[in-house]
Amino acid sequence: MAKIVNLVSVLSLLLLIAFADAQILGRGFLKPPPTLKCDKTYGVKSGDTCFGVEQTFNLSTAFFESINPNLNCTILFVGQWLCLNGSLS
Ligand SMILES: *[C@@H]1O[C@H](CO)[C@@H](O)[C@H](O)[C@H]1NC(C)=O
Ligand SMILES: *[C@@H]1O[C@H](CO)[C@@H](O)[C@H](O)[C@H]1NC(C)=O
Ligand SMILES: *[C@@H]1O[C@H](CO)[C@@H](O)[C@H](O)[C@H]1NC(C)=O
């Protein structure tokens, strides 16, 4: 009988741990990522580079990258929209 009680308490402990883990994971998954609000956009023109755009609009590289998080400057294409000003919330 004592063995069964032990088994039950061990099992419930494991369940508790699994549940706590799921909650931590769930929080990670359910937390919405910070959304970027872009206030000013710019359409890439022929010959543009990220650096050129940064200079034209007087933006620091760090700021430019922070408002264009998924941008890959080596594959910039004409007509692509860049963000020139915005905020993370
Ligand atoms: C560019 O930005 C810097 C710092 O933000 C500022 O000091 C400078 O006056 C700006 N230049 C122009 C041309 O807007
Ligand atoms: C950008 O694109 C180039 C060419 O497809 C690729 O080689 C490079 O790894 C990419 N860089 C990033 C940061 O995704
Ligand atoms: C971005 O927009 C904010 C709010 O309109 C403004 O205060 C700030 O000067 C702008 N920054 C740049 C780099 O244009």
# chains A, B, ... in the order shown; residues from 1 in each chain; ligands from 1
$ residues_near_ligand --ligand "ligand 2" --cutoff "9 Å" --atoms "only C-alpha atoms and all ligand atoms" --output "ChimeraX atom specification"
/A:70-76
$ write_last_selection --atoms "N, CA, C and O atoms" --output "mmCIF file, in the first residue's frame"
data_model
loop_
_atom_site.group_PDB
_atom_site.id
_atom_site.type_symbol
_atom_site.label_atom_id
_atom_site.label_comp_id
_atom_site.auth_asym_id
_atom_site.auth_seq_id
_atom_site.Cartn_x
_atom_site.Cartn_y
_atom_site.Cartn_z
ATOM 1 N N ASN A 70 14.029 42.119 -40.719
ATOM 2 C CA ASN A 70 14.156 40.946 -41.598
ATOM 3 C C ASN A 70 14.821 41.278 -42.927
ATOM 4 O O ASN A 70 14.804 40.491 -43.856
ATOM 5 N N LEU A 71 15.388 42.440 -42.975
ATOM 6 C CA LEU A 71 15.978 42.892 -44.232
ATOM 7 C C LEU A 71 17.347 42.252 -44.455
ATOM 8 O O LEU A 71 18.172 42.194 -43.555
ATOM 9 N N ASN A 72 17.554 41.779 -45.665
ATOM 10 C CA ASN A 72 18.875 41.276 -46.049
ATOM 11 C C ASN A 72 19.407 42.220 -47.126
ATOM 12 O O ASN A 72 18.943 42.198 -48.261
ATOM 13 N N CYS A 73 20.363 43.044 -46.741
ATOM 14 C CA CYS A 73 20.845 44.106 -47.631
ATOM 15 C C CYS A 73 21.610 43.580 -48.843
ATOM 16 O O CYS A 73 21.780 44.309 -49.820
ATOM 17 N N THR A 74 22.071 42.345 -48.792
ATOM 18 C CA THR A 74 22.795 41.810 -49.951
ATOM 19 C C THR A 74 21.833 41.396 -51.060
ATOM 20 O O THR A 74 22.248 41.191 -52.188
ATOM 21 N N ILE A 75 20.554 41.267 -50.720
ATOM 22 C CA ILE A 75 19.585 40.902 -51.759
ATOM 23 C C ILE A 75 18.464 41.939 -51.841
ATOM 24 O O ILE A 75 17.305 41.622 -52.042
ATOM 25 N N LEU A 76 18.882 43.190 -51.731
ATOM 26 C CA LEU A 76 17.954 44.304 -51.865
ATOM 27 C C LEU A 76 17.423 44.330 -53.304
ATOM 28 O O LEU A 76 18.195 44.132 -54.247
#
$ residues_near_ligand --ligand "ligand 3" --cutoff "9 Å" --atoms "only C-alpha atoms and all ligand atoms" --output "list in words"
Asp39, Lys40, Phe57, Asn58, Leu59, Ser60, Phe63, Phe64, Leu84, Asn85, Gly86 and Ser87 of chain A
$ residues_around --residues "Pro34 (chain A)" --least-positions-apart "3" --cutoff "12 Å" --atoms "only C-alpha atoms" --output "ChimeraX atom specification"
/A:31,37,66-67,69,87-89
$ write_last_selection --atoms "N, CA and C atoms" --output "PDB file, in the first residue's frame"
ATOM      1  N   LYS A  31       3.447  34.562 -25.969  1.00  0.00           N
ATOM      2  CA  LYS A  31       3.802  35.977 -25.846  1.00  0.00           C
ATOM      3  C   LYS A  31       3.965  36.557 -27.247  1.00  0.00           C
ATOM      4  N   LYS A  37       6.001  49.175 -35.753  1.00  0.00           N
ATOM      5  CA  LYS A  37       5.093  50.113 -36.396  1.00  0.00           C
ATOM      6  C   LYS A  37       5.959  51.007 -37.259  1.00  0.00           C
ATOM      7  N   SER A  66      17.233  48.117 -36.816  1.00  0.00           N
ATOM      8  CA  SER A  66      16.220  47.811 -35.801  1.00  0.00           C
ATOM      9  C   SER A  66      14.806  47.967 -36.368  1.00  0.00           C
ATOM     10  N   ILE A  67      14.626  48.840 -37.325  1.00  0.00           N
ATOM     11  CA  ILE A  67      13.282  49.018 -37.901  1.00  0.00           C
ATOM     12  C   ILE A  67      13.097  48.202 -39.178  1.00  0.00           C
ATOM     13  N   PRO A  69      14.030  44.594 -39.354  1.00  0.00           N
ATOM     14  CA  PRO A  69      14.650  43.412 -38.741  1.00  0.00           C
ATOM     15  C   PRO A  69      14.861  42.235 -39.699  1.00  0.00           C
ATOM     16  N   SER A  87       8.646  52.496 -34.740  1.00  0.00           N
ATOM     17  CA  SER A  87       8.911  52.172 -33.350  1.00  0.00           C
ATOM     18  C   SER A  87       8.465  50.764 -33.027  1.00  0.00           C
ATOM     19  N   LEU A  88       9.186  50.146 -32.105  1.00  0.00           N
ATOM     20  CA  LEU A  88       8.829  48.818 -31.621  1.00  0.00           C
ATOM     21  C   LEU A  88       7.914  48.972 -30.434  1.00  0.00           C
ATOM     22  N   SER A  89       6.847  48.157 -30.413  1.00  0.00           N
ATOM     23  CA  SER A  89       5.987  48.239 -29.226  1.00  0.00           C
ATOM     24  C   SER A  89       5.609  46.841 -28.774  1.00  0.00           C
TER      25      SER A  89
END
$ decode --residues "region 42-88 of chain A" --atoms "N, CA and C atoms" --output "JSON list (two decimals), in the first residue's frame"
[["chain", "number", "residue", "atom", "x", "y", "z"],
["A", 42, "TYR", "N", 9.95, 53.55, -47.72],
["A", 42, "TYR", "CA", 10.68, 54.00, -48.90],
["A", 42, "TYR", "C", 10.78, 52.84, -49.87],
["A", 43, "GLY", "N", 10.44, 53.08, -51.12],
["A", 43, "GLY", "CA", 10.56, 52.04, -52.13],
["A", 43, "GLY", "C", 11.95, 52.07, -52.75],
["A", 44, "VAL", "N", 12.61, 50.94, -52.73],
["A", 44, "VAL", "CA", 13.98, 50.85, -53.26],
["A", 44, "VAL", "C", 14.00, 51.15, -54.76],
["A", 45, "LYS", "N", 14.94, 52.00, -55.15],
["A", 45, "LYS", "CA", 15.10, 52.32, -56.56],
["A", 45, "LYS", "C", 16.40, 51.70, -57.09],
["A", 46, "SER", "N", 16.49, 51.63, -58.39],
["A", 46, "SER", "CA", 17.67, 51.04, -59.02],
["A", 46, "SER", "C", 18.94, 51.73, -58.51],
["A", 47, "GLY", "N", 19.90, 50.97, -58.11],
["A", 47, "GLY", "CA", 21.17, 51.51, -57.63],
["A", 47, "GLY", "C", 21.22, 51.77, -56.14],
["A", 48, "ASP", "N", 20.09, 51.65, -55.46],
["A", 48, "ASP", "CA", 20.08, 51.88, -54.01],
["A", 48, "ASP", "C", 20.80, 50.78, -53.26],
["A", 49, "THR", "N", 21.41, 51.18, -52.17],
["A", 49, "THR", "CA", 21.98, 50.21, -51.24],
["A", 49, "THR", "C", 21.48, 50.62, -49.85],
["A", 50, "CYS", "N", 21.57, 49.72, -48.92],
["A", 50, "CYS", "CA", 21.16, 50.05, -47.55],
["A", 50, "CYS", "C", 21.95, 51.24, -47.06],
["A", 51, "PHE", "N", 23.25, 51.19, -47.31],
["A", 51, "PHE", "CA", 24.12, 52.27, -46.84],
["A", 51, "PHE", "C", 23.73, 53.61, -47.47],
["A", 52, "GLY", "N", 23.46, 53.58, -48.77],
["A", 52, "GLY", "CA", 23.04, 54.78, -49.47],
["A", 52, "GLY", "C", 21.76, 55.36, -48.89],
["A", 53, "VAL", "N", 20.80, 54.48, -48.62],
["A", 53, "VAL", "CA", 19.53, 54.93, -48.06],
["A", 53, "VAL", "C", 19.74, 55.49, -46.65],
["A", 54, "GLU", "N", 20.58, 54.82, -45.88],
["A", 54, "GLU", "CA", 20.87, 55.31, -44.53],
["A", 54, "GLU", "C", 21.45, 56.72, -44.59],
["A", 55, "GLN", "N", 22.36, 56.93, -45.55],
["A", 55, "GLN", "CA", 23.00, 58.24, -45.68],
["A", 55, "GLN", "C", 22.01, 59.28, -46.18],
["A", 56, "THR", "N", 21.23, 58.92, -47.18],
["A", 56, "THR", "CA", 20.25, 59.85, -47.75],
["A", 56, "THR", "C", 19.29, 60.35, -46.69],
["A", 57, "PHE", "N", 18.85, 59.43, -45.83],
["A", 57, "PHE", "CA", 17.86, 59.81, -44.82],
["A", 57, "PHE", "C", 18.48, 60.04, -43.45],
["A", 58, "ASN", "N", 19.80, 60.03, -43.43],
["A", 58, "ASN", "CA", 20.53, 60.33, -42.19],
["A", 58, "ASN", "C", 20.12, 59.40, -41.04],
["A", 59, "LEU", "N", 20.14, 58.13, -41.32],
["A", 59, "LEU", "CA", 19.78, 57.15, -40.30],
["A", 59, "LEU", "C", 21.03, 56.38, -39.89],
["A", 60, "SER", "N", 21.16, 56.07, -38.63],
["A", 60, "SER", "CA", 22.27, 55.23, -38.21],
["A", 60, "SER", "C", 21.98, 53.79, -38.61],
["A", 61, "THR", "N", 23.05, 53.04, -38.86],
["A", 61, "THR", "CA", 22.87, 51.64, -39.26],
["A", 61, "THR", "C", 22.10, 50.87, -38.20],
["A", 62, "ALA", "N", 22.42, 51.11, -36.94],
["A", 62, "ALA", "CA", 21.75, 50.39, -35.85],
["A", 62, "ALA", "C", 20.25, 50.68, -35.85],
["A", 63, "PHE", "N", 19.89, 51.94, -36.05],
["A", 63, "PHE", "CA", 18.48, 52.31, -36.08],
["A", 63, "PHE", "C", 17.80, 51.70, -37.30],
["A", 64, "PHE", "N", 18.47, 51.82, -38.45],
["A", 64, "PHE", "CA", 17.92, 51.28, -39.70],
["A", 64, "PHE", "C", 17.66, 49.78, -39.57],
["A", 65, "GLU", "N", 18.63, 49.07, -39.00],
["A", 65, "GLU", "CA", 18.47, 47.62, -38.84],
["A", 65, "GLU", "C", 17.37, 47.29, -37.85],
["A", 66, "SER", "N", 17.23, 48.12, -36.82],
["A", 66, "SER", "CA", 16.22, 47.81, -35.80],
["A", 66, "SER", "C", 14.81, 47.97, -36.37],
["A", 67, "ILE", "N", 14.63, 48.84, -37.33],
["A", 67, "ILE", "CA", 13.28, 49.02, -37.90],
["A", 67, "ILE", "C", 13.10, 48.20, -39.18],
["A", 68, "ASN", "N", 14.16, 47.51, -39.61],
["A", 68, "ASN", "CA", 14.06, 46.59, -40.76],
["A", 68, "ASN", "C", 14.65, 45.24, -40.36],
["A", 69, "PRO", "N", 14.03, 44.59, -39.35],
["A", 69, "PRO", "CA", 14.65, 43.41, -38.74],
["A", 69, "PRO", "C", 14.86, 42.23, -39.70],
["A", 70, "ASN", "N", 14.03, 42.12, -40.72],
["A", 70, "ASN", "CA", 14.16, 40.95, -41.60],
["A", 70, "ASN", "C", 14.82, 41.28, -42.93],
["A", 71, "LEU", "N", 15.39, 42.44, -42.98],
["A", 71, "LEU", "CA", 15.98, 42.89, -44.23],
["A", 71, "LEU", "C", 17.35, 42.25, -44.45],
["A", 72, "ASN", "N", 17.55, 41.78, -45.66],
["A", 72, "ASN", "CA", 18.87, 41.28, -46.05],
["A", 72, "ASN", "C", 19.41, 42.22, -47.13],
["A", 73, "CYS", "N", 20.36, 43.04, -46.74],
["A", 73, "CYS", "CA", 20.85, 44.11, -47.63],
["A", 73, "CYS", "C", 21.61, 43.58, -48.84],
["A", 74, "THR", "N", 22.07, 42.34, -48.79],
["A", 74, "THR", "CA", 22.79, 41.81, -49.95],
["A", 74, "THR", "C", 21.83, 41.40, -51.06],
["A", 75, "ILE", "N", 20.55, 41.27, -50.72],
["A", 75, "ILE", "CA", 19.58, 40.90, -51.76],
["A", 75, "ILE", "C", 18.46, 41.94, -51.84],
["A", 76, "LEU", "N", 18.88, 43.19, -51.73],
["A", 76, "LEU", "CA", 17.95, 44.30, -51.86],
["A", 76, "LEU", "C", 17.42, 44.33, -53.30],
["A", 77, "PHE", "N", 16.15, 44.56, -53.48],
["A", 77, "PHE", "CA", 15.63, 44.59, -54.86],
["A", 77, "PHE", "C", 14.78, 45.83, -55.11],
["A", 78, "VAL", "N", 14.76, 46.27, -56.35],
["A", 78, "VAL", "CA", 14.00, 47.45, -56.74],
["A", 78, "VAL", "C", 12.52, 47.23, -56.44],
["A", 79, "GLY", "N", 11.93, 48.18, -55.78],
["A", 79, "GLY", "CA", 10.52, 48.07, -55.43],
["A", 79, "GLY", "C", 10.30, 47.54, -54.01],
["A", 80, "GLN", "N", 11.38, 47.06, -53.39],
["A", 80, "GLN", "CA", 11.26, 46.57, -52.01],
["A", 80, "GLN", "C", 10.97, 47.75, -51.08],
["A", 81, "TRP", "N", 10.12, 47.51, -50.09],
["A", 81, "TRP", "CA", 9.82, 48.58, -49.14],
["A", 81, "TRP", "C", 10.76, 48.52, -47.95],
["A", 82, "LEU", "N", 11.35, 49.66, -47.68],
["A", 82, "LEU", "CA", 12.19, 49.78, -46.49],
["A", 82, "LEU", "C", 11.48, 50.69, -45.51],
["A", 83, "CYS", "N", 11.79, 50.47, -44.26],
["A", 83, "CYS", "CA", 11.23, 51.34, -43.24],
["A", 83, "CYS", "C", 12.26, 52.40, -42.89],
["A", 84, "LEU", "N", 11.83, 53.65, -42.85],
["A", 84, "LEU", "CA", 12.76, 54.75, -42.55],
["A", 84, "LEU", "C", 12.58, 55.29, -41.14],
["A", 85, "ASN", "N", 11.43, 55.07, -40.60],
["A", 85, "ASN", "CA", 11.20, 55.49, -39.23],
["A", 85, "ASN", "C", 10.04, 54.69, -38.67],
["A", 86, "GLY", "N", 10.12, 54.37, -37.44],
["A", 86, "GLY", "CA", 9.07, 53.58, -36.81],
["A", 86, "GLY", "C", 9.44, 53.31, -35.38],
["A", 87, "SER", "N", 8.65, 52.50, -34.74],
["A", 87, "SER", "CA", 8.91, 52.17, -33.35],
["A", 87, "SER", "C", 8.47, 50.76, -33.03],
["A", 88, "LEU", "N", 9.19, 50.15, -32.11],
["A", 88, "LEU", "CA", 8.83, 48.82, -31.62],
["A", 88, "LEU", "C", 7.91, 48.97, -30.43]]
